[in-house]
Amino acid sequence: MNVNDRKLKVIARNSPLSLIQVKEAFSSLPPVEYALTGIASFGDRHKEISLMDEAVAEDFFTRELDEALLNGEADVAVHSAKDLPYPLPAGLELYCLTEAATKVDALVSRSRLRLAELPPGARIGASSAGRKAEVLKRRPDLMVVGVRGTIEERIAQVDSGYVDALVVAACALSRLGLEGRIAEELPFKTHPLQGCLAVVGRAGNPALKTFFAVADIRRTYGKATLVGFGPGNPDLLTVGGEKALQRADVIFHDDLVDKDSLEKYGAAKVYVGKRRNKHLYRQDEINELVYEAAVSGKNTVRLKGGDPMVFARGREELDFLKSRFVDVAVIPGISSGTALAACTHIPLTHRGVASSVAFATGHSIENLPLPNADTLVYFMAGANISAIAGKMIAAGRAAATPAALVYNVSLPGQETFFSTLGELQFSAIKYPAPLLVVVGDVVSLESGNAGRRKALATGSTCETCNDRWRLVTHTPLIKIQKADVRKVSNRRHCEERSDEAIRDAARTWSASPFGFAMTEKNDFSDARRIVRETIGSYQWIIFTSRYGVRFFFEILDELSFDIRALGTLKIASVGKTTTAELKKYRLYPEIEPATESAEGLVACFKEAGITDSCILLPRSDKGLTYLSDELQALGNRVTDVTVYENVFNSEASRVDLSDFREILFASPSGVDAFKRLYGALPEGILLLAKGKTTENKLKSEI
């Protein structure tokens with residue numbers, strides 16, 4: 001339509017403030033005739049609905065006006081810009097956004113008291129949750145109550161004594177000529193569009209849009225562009241991304257961008273990277289920085305590693321800017337999740353091997369997705385590798401499923417580590433981000449070409465020295481030796497026994513068909529005393545290592561103890577290696593968890609409902625108390641008894657760790673010994689643990 005052909009039909013809410021806002025909007029335009037119709041919106045008719053504590057529809061104040069526009073009953077509607085829904089209803093578009101005279105909030109109060117002067121417990125009226133939060137942040141001793149209605153109606157609640165003060169937009173008071181009621185302007189965070197007016201009309205009317213454009217402050221805005229930098233190698237930046245960076249006045253970039261490659265661009269560079277537990281800016285602060293740069297007239301690039309819409313909060317930033325009417329473009333980047341296939345030669349799909357692939361985030365273990373796909377790629381998985389592997393095994397994936405850890409995809413320092421889910425469930429890696437995990441049979445297509453992995457084994461023995469996947473160097477950092485009888489003491493006793501009760505137990509056992517000879521020696525350790533005097537009181541004996549078996553039976557041999565007397569005890573073994581040692585004595589455990597861990601033993605005892613039992617636990621001097629604590633929590637009585645010691649191998653020598661891709665740890669004491677020899681755990685090497693307790697020790701040291 002030609003704007004001057006007829007009167008414009010204008011619609012607005014029928015409050016005094018809204019009608020004044022129409023005049024203000026048209027005052028900055030070329031003269032034009034218009035007819036104004038004021039109507040009550042849903043929000044105006046339902047003042048009983050609080051805006052402070054209840055969720056309301058985004059079109060609470062605009063619904064009826066939008067319908068009038070779409071039905072052709074009006075040409076344009078004039079709104080307070082902060083009342084507009086996002087996105088606008090289909091068929092409507094914003095013609096004009098006006099400049100705000102001020103965006104601050106003001107305080108209206110009786111006797112013109114300032115916020116700091118209000119007495120404790122004073123009632124202060126507010127119309128939004130944001131204003132309530134701002135008040136309580138500064139004056140938690142005040143009572144904030146919801147108020148609704150026109151500005152005049154809200155001020156009347158102050159004058160009547162219903163509230164002692166009121167928070168309201170300063171621009172609204174100014175438009176109504178009520179500046180004299182302002183007690184003070186408040187340093188509150190306000191809506192970025194507060195004070196701005198919005199003219200909305202039907203889409204597809206270029207004449208009207210051109211007419212209102214003369215007052216549209218968006219003409220002075222710069223353009224915002226979300227750009228994907230790709231996996232890290234600047235050669236993989238798209239042509240579109242390169243052009244956007246060349247045009248930019250300011251670039252907000254994160255950690256996943258090669259900073260040296262940005263030097264050629266003339267734009268100002270602002271680092272807004274976020275790493276785990278290390279955020280220079282919160283996400284909402286990043287959004288504000290980008291927004292402020294764009295509305296100040298700068299061509300603004302938000303540069304993000306990978307693709308901005310893949311695990312990168314791109315949509316959040318897009319919505320933040322578009323809801324504030326900033327023009328935004330998005331330029332895709334090559335995601336590191338797909339780039340790794342080309343960079344490592346691990347295909348994500350392969351005929352006859354994998355026909356589906358899923359991408360997931362490993363950032364949150366509590367909400368870890370486990371997609372049903374042949375190949376899984378986990379982003380942001382560096383801190384949770386072991387937990388991811390454990391959950392995948394628990395969900396049905398075979399422990400032998402091949403996996404790859406890929407660090408610095410596409411960069412000169414790229415490294416790929418091959419393993420299995422079974423190994424990774426007890427692992428740690430001291431790496432900066434980004435680290436991706438690829439799981440599936442496709443990994444084996446490349447791992448077989450990678451050659452045997454160089455690994456350093458640190459335990460007293462080397463179970464993996466003949467592993468066909470590894471080239472193992474064994475440098476034992478601890479030595480195992482029988483406990484010094486002068487130093488050993490058991491951790492806790494099964495029950496309190498009087499001397500007479502101990503003598504009775506000894507007499508009973510020595511008189512039995514499988515009794516053992518008593519000796520006059522008085523230098524027994526607790527281990528020897530327990531065997532000699534109280535072993536008949538136990539129902540279970542648990543072995544957590546081959547050494548526990550070996551040295552326990554050495555004690556039996558020293559005491560000339562007839563092994564057949566153990567026939568009444570039930571035996572539990574932590575796993576197959578310990579069980580193999582027991583078989584040397586023709587003993588076979590009733591319990592052996594598949595996981596070869598203390599956690600597995602606890603799970604077996606829980607499942608079997610074993611409680612109120614007396615349990616003997618031969619162990620090392622440095623063993624953790626997890627197993628004993630958990631078994632006691634089930635209602636059992638546990639005696640920890642030291643039968644061997646882990647001591648630092650003073651003959652161990654340092655090796656060049658840069659030659660190795662993996663370091664294998666068999667026990668927590670091995671981790672301590674490694675730190676004693678090398679000073680710290682190394683970066684960039686996969687650290688594999690035997691069991692959960694050793695894994696926990698590793699992670700506590702990283």
# chains A, B, ... in the order shown; residues from 1 in each chain; ligands from 1
call {"tool": "closest_atom_pairs", "arguments": {"of": "region 172-286 of chain A", "to": "region 79-92 of chain A", "cutoff": "7 Å", "atoms": "only C-alpha atoms", "output": "tab-separated table"}}
result
residue	atom	partner	partner_atom	distance
A:His191	CA	A:Lys82	CA	7.0
A:Leu193	CA	A:Lys82	CA	5.2
A:Gln194	CA	A:Lys82	CA	5.8
A:Cys196	CA	A:Ala81	CA	5.5
A:Leu197	CA	A:Ser80	CA	4.8
A:Ala198	CA	A:Ala81	CA	4.8
A:Val199	CA	A:His79	CA	6.6
A:Val200	CA	A:Leu92	CA	6.9
A:Gly201	CA	A:Leu92	CA	5.6
A:Arg202	CA	A:Leu92	CA	4.4
A:Ala203	CA	A:Leu92	CA	4.9
call {"tool": "residues_around", "arguments": {"residues": "Val439 (chain A)", "least_positions_apart": "3", "cutoff": "7 Å", "atoms": "only C-alpha atoms", "output": "JSON, numbers by chain"}}
result
{"A": [375, 376, 377, 402, 403, 404, 443]}
call {"tool": "residues_around", "arguments": {"residues": "region 21-25 of chain A", "least_positions_apart": "6", "cutoff": "12 Å", "atoms": "only C-alpha atoms", "output": "ChimeraX atom specification"}}
result
/A:9-15,31-38,76-81,95-101,171-176,195-200,212-216
call {"tool": "write_last_selection", "arguments": {"atoms": "C-alpha atoms", "output": "short mmCIF file (atom, residue, chain, number, x, y, z; two decimals), in the first residue's frame"}}
result
data_model
loop_
_atom_site.label_atom_id
_atom_site.label_comp_id
_atom_site.auth_asym_id
_atom_site.auth_seq_id
_atom_site.Cartn_x
_atom_site.Cartn_y
_atom_site.Cartn_z
CA LYS A 9 -5.02 1.90 10.94
CA VAL A 10 -3.00 1.73 14.15
CA ILE A 11 -3.74 -0.49 17.12
CA ALA A 12 -2.35 -0.38 20.65
CA ARG A 13 -3.31 -1.33 24.18
CA ASN A 14 -5.78 1.12 25.70
CA SER A 15 -3.74 2.18 28.73
CA PRO A 31 3.86 13.28 8.80
CA VAL A 32 1.13 10.76 8.08
CA GLU A 33 -2.51 10.45 8.96
CA TYR A 34 -3.51 7.55 11.17
CA ALA A 35 -6.51 6.34 13.11
CA LEU A 36 -5.73 4.83 16.53
CA THR A 37 -7.73 2.07 18.15
CA GLY A 38 -7.04 1.05 21.73
CA VAL A 76 0.45 -1.65 12.37
CA ALA A 77 0.58 -2.18 16.12
CA VAL A 78 2.73 -0.20 18.54
CA HIS A 79 4.12 -2.08 21.56
CA SER A 80 6.60 -1.77 24.35
CA ALA A 81 9.40 -3.71 22.68
CA TYR A 95 9.00 -2.67 10.96
CA CYS A 96 10.70 -0.38 13.43
CA LEU A 97 12.51 -0.44 16.77
CA THR A 98 12.92 2.99 18.39
CA GLU A 99 15.68 4.26 20.65
CA ALA A 100 14.99 4.30 24.40
CA ALA A 101 15.47 7.59 26.26
CA CYS A 171 10.92 5.83 30.95
CA ALA A 172 7.27 5.02 31.76
CA LEU A 173 7.20 7.71 34.46
CA SER A 174 8.84 10.19 32.12
CA ARG A 175 6.34 9.53 29.32
CA LEU A 176 3.47 10.09 31.74
CA GLY A 195 12.15 1.84 26.96
CA CYS A 196 12.24 0.91 23.26
CA LEU A 197 9.06 0.95 21.18
CA ALA A 198 8.26 -1.60 18.48
CA VAL A 199 6.11 -1.14 15.39
CA VAL A 200 4.85 -4.47 14.03
CA PHE A 212 8.98 3.16 9.31
CA ALA A 213 12.63 2.35 8.59
CA VAL A 214 13.65 6.00 9.00
CA ALA A 215 13.11 5.65 12.78
CA ASP A 216 14.47 2.14 13.06
#
call {"tool": "residues_around", "arguments": {"residues": "region 567-582 of chain A", "least_positions_apart": "5", "cutoff": "8 Å", "atoms": "only C-alpha atoms", "output": "list of chain:residue names"}}
result
A:Tyr538, A:Gln539, A:Trp540, A:Ile541, A:Ile542, A:Phe543, A:Thr544, A:Ser545, A:Arg546, A:Val549, A:Arg550, A:Leu587, A:Tyr588, A:Pro589, A:Glu590, A:Ile591, A:Glu592, A:Pro593, A:Ala594, A:Thr595, A:Glu596, A:Ser597, A:Ala598, A:Gly600, A:Leu601
call {"tool": "residues_around", "arguments": {"residues": "Ile155 (chain A)", "least_positions_apart": "4", "cutoff": "10 Å", "atoms": "only C-alpha atoms", "output": "tab-separated table (two decimals) with N, CA, C and O atoms, in the first residue's frame"}}
result
chain	number	residue	atom	x	y	z
A	108	VAL	N	9.72	4.45	43.31
A	108	VAL	CA	8.70	5.38	43.78
A	108	VAL	C	8.36	4.97	45.20
A	108	VAL	O	8.08	3.79	45.47
A	109	SER	N	8.40	5.90	46.14
A	109	SER	CA	8.16	5.54	47.54
A	109	SER	C	7.48	6.69	48.28
A	109	SER	O	7.55	7.85	47.86
A	110	ARG	N	6.84	6.35	49.37
A	110	ARG	CA	6.29	7.40	50.24
A	110	ARG	C	7.42	8.14	50.92
A	110	ARG	O	8.44	7.55	51.30
A	125	GLY	N	6.70	-3.13	45.90
A	125	GLY	CA	5.98	-3.72	44.78
A	125	GLY	C	6.88	-3.87	43.55
A	125	GLY	O	7.71	-3.02	43.26
A	147	VAL	N	2.72	-6.64	41.92
A	147	VAL	CA	1.71	-5.61	41.62
A	147	VAL	C	1.41	-5.65	40.13
A	147	VAL	O	2.28	-5.96	39.32
A	149	GLY	N	-1.34	-3.79	36.86
A	149	GLY	CA	-2.16	-2.64	36.50
A	149	GLY	C	-1.37	-1.58	35.77
A	149	GLY	O	-0.17	-1.72	35.52
A	150	THR	N	-2.02	-0.49	35.44
A	150	THR	CA	-1.36	0.63	34.78
A	150	THR	C	-0.37	1.27	35.74
A	150	THR	O	-0.39	1.02	36.96
A	151	ILE	N	0.48	2.14	35.22
A	151	ILE	CA	1.45	2.83	36.07
A	151	ILE	C	0.71	3.63	37.14
A	151	ILE	O	1.10	3.64	38.31
A	159	ASP	N	0.50	5.15	47.38
A	159	ASP	CA	-0.18	6.24	48.09
A	159	ASP	C	-1.19	5.72	49.10
A	159	ASP	O	-1.41	6.34	50.15
A	160	SER	N	-1.80	4.56	48.80
A	160	SER	CA	-2.81	4.01	49.71
A	160	SER	C	-2.19	3.25	50.88
A	160	SER	O	-2.88	2.90	51.83
A	163	VAL	N	1.62	-0.83	49.50
A	163	VAL	CA	3.06	-1.08	49.46
A	163	VAL	C	3.76	0.19	49.91
A	163	VAL	O	3.21	1.29	49.82
A	165	ALA	N	6.82	1.01	48.67
A	165	ALA	CA	7.59	1.53	47.53
A	165	ALA	C	7.29	0.68	46.32
A	165	ALA	O	6.69	-0.41	46.41
A	166	LEU	N	7.73	1.16	45.17
A	166	LEU	CA	7.41	0.51	43.91
A	166	LEU	C	8.60	0.63	42.97
A	166	LEU	O	9.21	1.70	42.88
A	167	VAL	N	8.94	-0.49	42.29
A	167	VAL	CA	9.95	-0.45	41.24
A	167	VAL	C	9.24	-0.38	39.90
A	167	VAL	O	8.38	-1.21	39.60
A	168	VAL	N	9.63	0.60	39.08
A	168	VAL	CA	8.96	0.81	37.80
A	168	VAL	C	9.96	1.38	36.81
A	168	VAL	O	10.98	1.97	37.20
A	181	ARG	N	7.83	11.79	40.83
A	181	ARG	CA	7.60	10.73	41.81
A	181	ARG	C	8.84	9.85	42.01
A	181	ARG	O	8.84	8.96	42.86
call {"tool": "residues_around", "arguments": {"residues": "region 292-308 of chain A", "least_positions_apart": "4", "cutoff": "8 Å", "atoms": "only C-alpha atoms", "output": "NGL selection string"}}
result
:A and (218 or 220-232 or 244-245 or 247-257 or 288 or 312-314 or 326 or 330-336)
call {"tool": "write_last_selection", "arguments": {"atoms": "N, CA and C atoms", "output": "short mmCIF file (atom, residue, chain, number, x, y, z; two decimals), in the first residue's frame"}}
result
data_model
loop_
_atom_site.label_atom_id
_atom_site.label_comp_id
_atom_site.auth_asym_id
_atom_site.auth_seq_id
_atom_site.Cartn_x
_atom_site.Cartn_y
_atom_site.Cartn_z
N ARG A 218 17.79 -0.14 14.25
CA ARG A 218 18.56 -1.28 13.76
C ARG A 218 19.41 -0.92 12.54
N THR A 220 21.56 1.23 12.54
CA THR A 220 22.91 1.51 13.04
C THR A 220 23.59 0.27 13.62
N TYR A 221 22.85 -0.84 13.69
CA TYR A 221 23.43 -2.06 14.25
C TYR A 221 24.46 -2.65 13.30
N GLY A 222 25.44 -3.30 13.86
CA GLY A 222 26.30 -4.14 13.05
C GLY A 222 25.65 -5.50 12.87
N LYS A 223 26.26 -6.32 12.03
CA LYS A 223 25.74 -7.67 11.79
C LYS A 223 26.50 -8.64 12.67
N ALA A 224 25.77 -9.59 13.24
CA ALA A 224 26.41 -10.64 14.04
C ALA A 224 26.46 -11.92 13.23
N THR A 225 27.59 -12.60 13.29
CA THR A 225 27.76 -13.85 12.54
C THR A 225 28.37 -14.90 13.45
N LEU A 226 27.71 -16.04 13.54
CA LEU A 226 28.28 -17.19 14.23
C LEU A 226 29.05 -18.00 13.21
N VAL A 227 30.34 -18.18 13.45
CA VAL A 227 31.21 -18.85 12.48
C VAL A 227 31.83 -20.09 13.11
N GLY A 228 31.76 -21.20 12.40
CA GLY A 228 32.44 -22.41 12.83
C GLY A 228 33.86 -22.43 12.30
N PHE A 229 34.84 -22.50 13.19
CA PHE A 229 36.24 -22.49 12.77
C PHE A 229 36.71 -23.85 12.26
N GLY A 230 35.96 -24.90 12.61
CA GLY A 230 36.39 -26.24 12.24
C GLY A 230 37.14 -26.90 13.38
N PRO A 231 37.76 -28.04 13.13
CA PRO A 231 38.38 -28.81 14.22
C PRO A 231 39.66 -28.21 14.78
N GLY A 232 40.22 -27.19 14.15
CA GLY A 232 41.41 -26.57 14.70
C GLY A 232 42.44 -26.16 13.67
N ALA A 244 33.78 -13.73 6.49
CA ALA A 244 33.19 -13.08 7.67
C ALA A 244 34.27 -12.53 8.59
N LEU A 245 35.35 -13.27 8.76
CA LEU A 245 36.44 -12.81 9.62
C LEU A 245 37.15 -11.60 9.02
N ARG A 247 35.72 -9.28 7.30
CA ARG A 247 34.84 -8.12 7.44
C ARG A 247 34.65 -7.70 8.90
N ALA A 248 35.06 -8.51 9.83
CA ALA A 248 34.73 -8.30 11.24
C ALA A 248 35.44 -7.10 11.84
N ASP A 249 34.73 -6.42 12.74
CA ASP A 249 35.33 -5.38 13.57
C ASP A 249 35.80 -5.96 14.90
N VAL A 250 35.12 -6.99 15.37
CA VAL A 250 35.48 -7.64 16.63
C VAL A 250 35.19 -9.13 16.51
N ILE A 251 36.10 -9.94 17.05
CA ILE A 251 35.97 -11.40 17.01
C ILE A 251 36.00 -11.92 18.45
N PHE A 252 34.94 -12.58 18.84
CA PHE A 252 34.89 -13.25 20.14
C PHE A 252 35.20 -14.73 19.90
N HIS A 253 36.31 -15.21 20.43
CA HIS A 253 36.74 -16.58 20.10
C HIS A 253 36.95 -17.40 21.36
N ASP A 254 36.96 -18.73 21.19
CA ASP A 254 37.10 -19.63 22.33
C ASP A 254 38.41 -20.41 22.25
N ASP A 255 38.54 -21.43 23.12
CA ASP A 255 39.77 -22.21 23.23
C ASP A 255 40.07 -23.05 22.00
N LEU A 256 39.03 -23.45 21.29
CA LEU A 256 39.21 -24.41 20.21
C LEU A 256 39.61 -23.75 18.90
N VAL A 257 40.09 -22.54 18.98
CA VAL A 257 40.49 -21.79 17.80
C VAL A 257 41.99 -21.51 17.88
N GLU A 288 25.86 -11.26 26.26
CA GLU A 288 25.75 -9.80 26.41
C GLU A 288 26.87 -9.08 25.68
N ALA A 312 27.72 -26.71 20.84
CA ALA A 312 28.45 -25.45 20.94
C ALA A 312 27.58 -24.29 21.41
N ARG A 313 26.37 -24.54 21.84
CA ARG A 313 25.46 -23.51 22.32
C ARG A 313 25.15 -22.45 21.27
N GLY A 314 25.32 -22.83 20.01
CA GLY A 314 25.06 -21.88 18.94
C GLY A 314 23.62 -21.40 18.92
N VAL A 326 18.64 -8.43 16.61
CA VAL A 326 19.92 -8.29 15.93
C VAL A 326 19.94 -9.25 14.75
N VAL A 330 24.62 -17.54 10.33
CA VAL A 330 25.38 -18.68 10.85
C VAL A 330 26.13 -19.32 9.69
N ILE A 331 27.45 -19.45 9.86
CA ILE A 331 28.28 -20.10 8.85
C ILE A 331 28.81 -21.41 9.44
N PRO A 332 28.47 -22.52 8.82
CA PRO A 332 28.86 -23.81 9.40
C PRO A 332 30.36 -24.03 9.38
N GLY A 333 30.80 -24.93 10.24
CA GLY A 333 32.19 -25.35 10.26
C GLY A 333 32.27 -26.87 10.23
N ILE A 334 33.43 -27.39 9.98
CA ILE A 334 33.61 -28.84 9.99
C ILE A 334 33.68 -29.30 11.44
N SER A 335 32.75 -30.14 11.84
CA SER A 335 32.74 -30.63 13.22
C SER A 335 33.91 -31.57 13.45
N SER A 336 34.54 -31.47 14.63
CA SER A 336 35.64 -32.38 14.95
C SER A 336 35.17 -33.82 14.99
#
call {"tool": "residues_around", "arguments": {"residues": "Ala55 (chain A)", "least_positions_apart": "5", "cutoff": "12 Å", "atoms": "only C-alpha atoms", "output": "PyMOL selection string"}}
result
chain A and resi 49-50+60+128-129
call {"tool": "select_by_dssp", "arguments": {"residues": "region 86-123 of chain A", "states": "strand (DSSP E)", "output": "list in words"}}
result
Leu92, Glu93, Leu94, Tyr95, Cys96, Leu97, Asp105, Ala106, Leu107, Val108, Ser109 and Arg123 of chain A
call {"tool": "select_by_dssp", "arguments": {"residues": "region 616-699 of chain A", "states": "helix (DSSP H, G or I)", "output": "MDAnalysis selection string"}}
result
chainID A and resid 626:633 657:659 668:678 692:699
call {"tool": "atom_distance", "arguments": {"atom1": "CA of Glu73 (chain A)", "atom2": "CA of Asn2 (chain A)"}}
result
17.1 Å
call {"tool": "decode", "arguments": {"residues": "region 411-421 of chain A", "atoms": "all heavy atoms", "output": "PDB file, in the first residue's frame"}}
result
ATOM      1  N   LEU A 411      45.244 -31.101  14.160  1.00  0.00           N
ATOM      2  CA  LEU A 411      46.384 -30.240  14.473  1.00  0.00           C
ATOM      3  C   LEU A 411      47.688 -31.029  14.453  1.00  0.00           C
ATOM      4  O   LEU A 411      47.684 -32.262  14.537  1.00  0.00           O
ATOM      5  CB  LEU A 411      46.182 -29.583  15.840  1.00  0.00           C
ATOM      6  CG  LEU A 411      45.018 -28.594  15.920  1.00  0.00           C
ATOM      7  CD1 LEU A 411      44.814 -28.127  17.346  1.00  0.00           C
ATOM      8  CD2 LEU A 411      45.242 -27.407  14.997  1.00  0.00           C
ATOM      9  N   PRO A 412      48.821 -30.353  14.366  1.00  0.00           N
ATOM     10  CA  PRO A 412      50.105 -31.070  14.332  1.00  0.00           C
ATOM     11  C   PRO A 412      50.315 -31.979  15.545  1.00  0.00           C
ATOM     12  O   PRO A 412      50.971 -33.003  15.450  1.00  0.00           O
ATOM     13  CB  PRO A 412      51.134 -29.937  14.305  1.00  0.00           C
ATOM     14  CG  PRO A 412      50.413 -28.791  13.676  1.00  0.00           C
ATOM     15  CD  PRO A 412      48.998 -28.906  14.131  1.00  0.00           C
ATOM     16  N   GLY A 413      49.751 -31.602  16.680  1.00  0.00           N
ATOM     17  CA  GLY A 413      49.913 -32.416  17.877  1.00  0.00           C
ATOM     18  C   GLY A 413      48.852 -33.485  18.043  1.00  0.00           C
ATOM     19  O   GLY A 413      48.685 -34.025  19.139  1.00  0.00           O
ATOM     20  N   GLN A 414      48.136 -33.807  16.970  1.00  0.00           N
ATOM     21  CA  GLN A 414      47.092 -34.826  17.074  1.00  0.00           C
ATOM     22  C   GLN A 414      47.681 -36.152  17.540  1.00  0.00           C
ATOM     23  O   GLN A 414      48.738 -36.576  17.083  1.00  0.00           O
ATOM     24  CB  GLN A 414      46.405 -35.020  15.722  1.00  0.00           C
ATOM     25  CG  GLN A 414      45.390 -36.156  15.710  1.00  0.00           C
ATOM     26  CD  GLN A 414      44.754 -36.350  14.356  1.00  0.00           C
ATOM     27  OE1 GLN A 414      44.236 -35.399  13.771  1.00  0.00           O
ATOM     28  NE2 GLN A 414      44.784 -37.574  13.841  1.00  0.00           N
ATOM     29  N   GLU A 415      46.972 -36.805  18.460  1.00  0.00           N
ATOM     30  CA  GLU A 415      47.371 -38.126  18.926  1.00  0.00           C
ATOM     31  C   GLU A 415      46.145 -39.013  19.024  1.00  0.00           C
ATOM     32  O   GLU A 415      45.055 -38.546  19.379  1.00  0.00           O
ATOM     33  CB  GLU A 415      48.064 -38.056  20.279  1.00  0.00           C
ATOM     34  CG  GLU A 415      49.420 -37.383  20.243  1.00  0.00           C
ATOM     35  CD  GLU A 415      50.191 -37.598  21.536  1.00  0.00           C
ATOM     36  OE1 GLU A 415      50.609 -38.739  21.789  1.00  0.00           O
ATOM     37  OE2 GLU A 415      50.338 -36.629  22.285  1.00  0.00           O
ATOM     38  N   THR A 416      46.331 -40.284  18.721  1.00  0.00           N
ATOM     39  CA  THR A 416      45.251 -41.256  18.809  1.00  0.00           C
ATOM     40  C   THR A 416      45.709 -42.412  19.690  1.00  0.00           C
ATOM     41  O   THR A 416      46.791 -42.961  19.487  1.00  0.00           O
ATOM     42  CB  THR A 416      44.858 -41.788  17.418  1.00  0.00           C
ATOM     43  OG1 THR A 416      44.516 -40.688  16.566  1.00  0.00           O
ATOM     44  CG2 THR A 416      43.665 -42.729  17.526  1.00  0.00           C
ATOM     45  N   PHE A 417      44.871 -42.765  20.671  1.00  0.00           N
ATOM     46  CA  PHE A 417      45.165 -43.865  21.577  1.00  0.00           C
ATOM     47  C   PHE A 417      44.119 -44.943  21.379  1.00  0.00           C
ATOM     48  O   PHE A 417      42.919 -44.665  21.432  1.00  0.00           O
ATOM     49  CB  PHE A 417      45.158 -43.384  23.026  1.00  0.00           C
ATOM     50  CG  PHE A 417      46.219 -42.376  23.321  1.00  0.00           C
ATOM     51  CD1 PHE A 417      46.011 -41.034  23.064  1.00  0.00           C
ATOM     52  CD2 PHE A 417      47.440 -42.767  23.825  1.00  0.00           C
ATOM     53  CE1 PHE A 417      46.996 -40.106  23.315  1.00  0.00           C
ATOM     54  CE2 PHE A 417      48.438 -41.843  24.082  1.00  0.00           C
ATOM     55  CZ  PHE A 417      48.217 -40.507  23.823  1.00  0.00           C
ATOM     56  N   PHE A 418      44.568 -46.152  21.151  1.00  0.00           N
ATOM     57  CA  PHE A 418      43.659 -47.268  20.934  1.00  0.00           C
ATOM     58  C   PHE A 418      43.551 -48.106  22.195  1.00  0.00           C
ATOM     59  O   PHE A 418      44.550 -48.368  22.880  1.00  0.00           O
ATOM     60  CB  PHE A 418      44.135 -48.132  19.769  1.00  0.00           C
ATOM     61  CG  PHE A 418      44.137 -47.414  18.450  1.00  0.00           C
ATOM     62  CD1 PHE A 418      45.318 -46.918  17.909  1.00  0.00           C
ATOM     63  CD2 PHE A 418      42.960 -47.201  17.761  1.00  0.00           C
ATOM     64  CE1 PHE A 418      45.329 -46.243  16.705  1.00  0.00           C
ATOM     65  CE2 PHE A 418      42.951 -46.514  16.549  1.00  0.00           C
ATOM     66  CZ  PHE A 418      44.136 -46.039  16.018  1.00  0.00           C
ATOM     67  N   SER A 419      42.340 -48.530  22.503  1.00  0.00           N
ATOM     68  CA  SER A 419      42.129 -49.336  23.690  1.00  0.00           C
ATOM     69  C   SER A 419      40.834 -50.120  23.514  1.00  0.00           C
ATOM     70  O   SER A 419      40.351 -50.294  22.388  1.00  0.00           O
ATOM     71  CB  SER A 419      42.064 -48.427  24.932  1.00  0.00           C
ATOM     72  OG  SER A 419      42.071 -49.179  26.107  1.00  0.00           O
ATOM     73  N   THR A 420      40.267 -50.594  24.610  1.00  0.00           N
ATOM     74  CA  THR A 420      38.968 -51.271  24.618  1.00  0.00           C
ATOM     75  C   THR A 420      38.140 -50.691  25.753  1.00  0.00           C
ATOM     76  O   THR A 420      38.664 -50.050  26.670  1.00  0.00           O
ATOM     77  CB  THR A 420      39.121 -52.783  24.829  1.00  0.00           C
ATOM     78  OG1 THR A 420      39.656 -53.008  26.144  1.00  0.00           O
ATOM     79  CG2 THR A 420      40.022 -53.407  23.778  1.00  0.00           C
ATOM     80  N   LEU A 421      36.836 -50.949  25.701  1.00  0.00           N
ATOM     81  CA  LEU A 421      35.984 -50.466  26.783  1.00  0.00           C
ATOM     82  C   LEU A 421      36.403 -51.079  28.118  1.00  0.00           C
ATOM     83  O   LEU A 421      36.369 -50.421  29.156  1.00  0.00           O
ATOM     84  CB  LEU A 421      34.519 -50.797  26.494  1.00  0.00           C
ATOM     85  CG  LEU A 421      33.846 -50.014  25.367  1.00  0.00           C
ATOM     86  CD1 LEU A 421      32.399 -50.453  25.220  1.00  0.00           C
ATOM     87  CD2 LEU A 421      33.915 -48.517  25.613  1.00  0.00           C
TER      88      LEU A 421
END
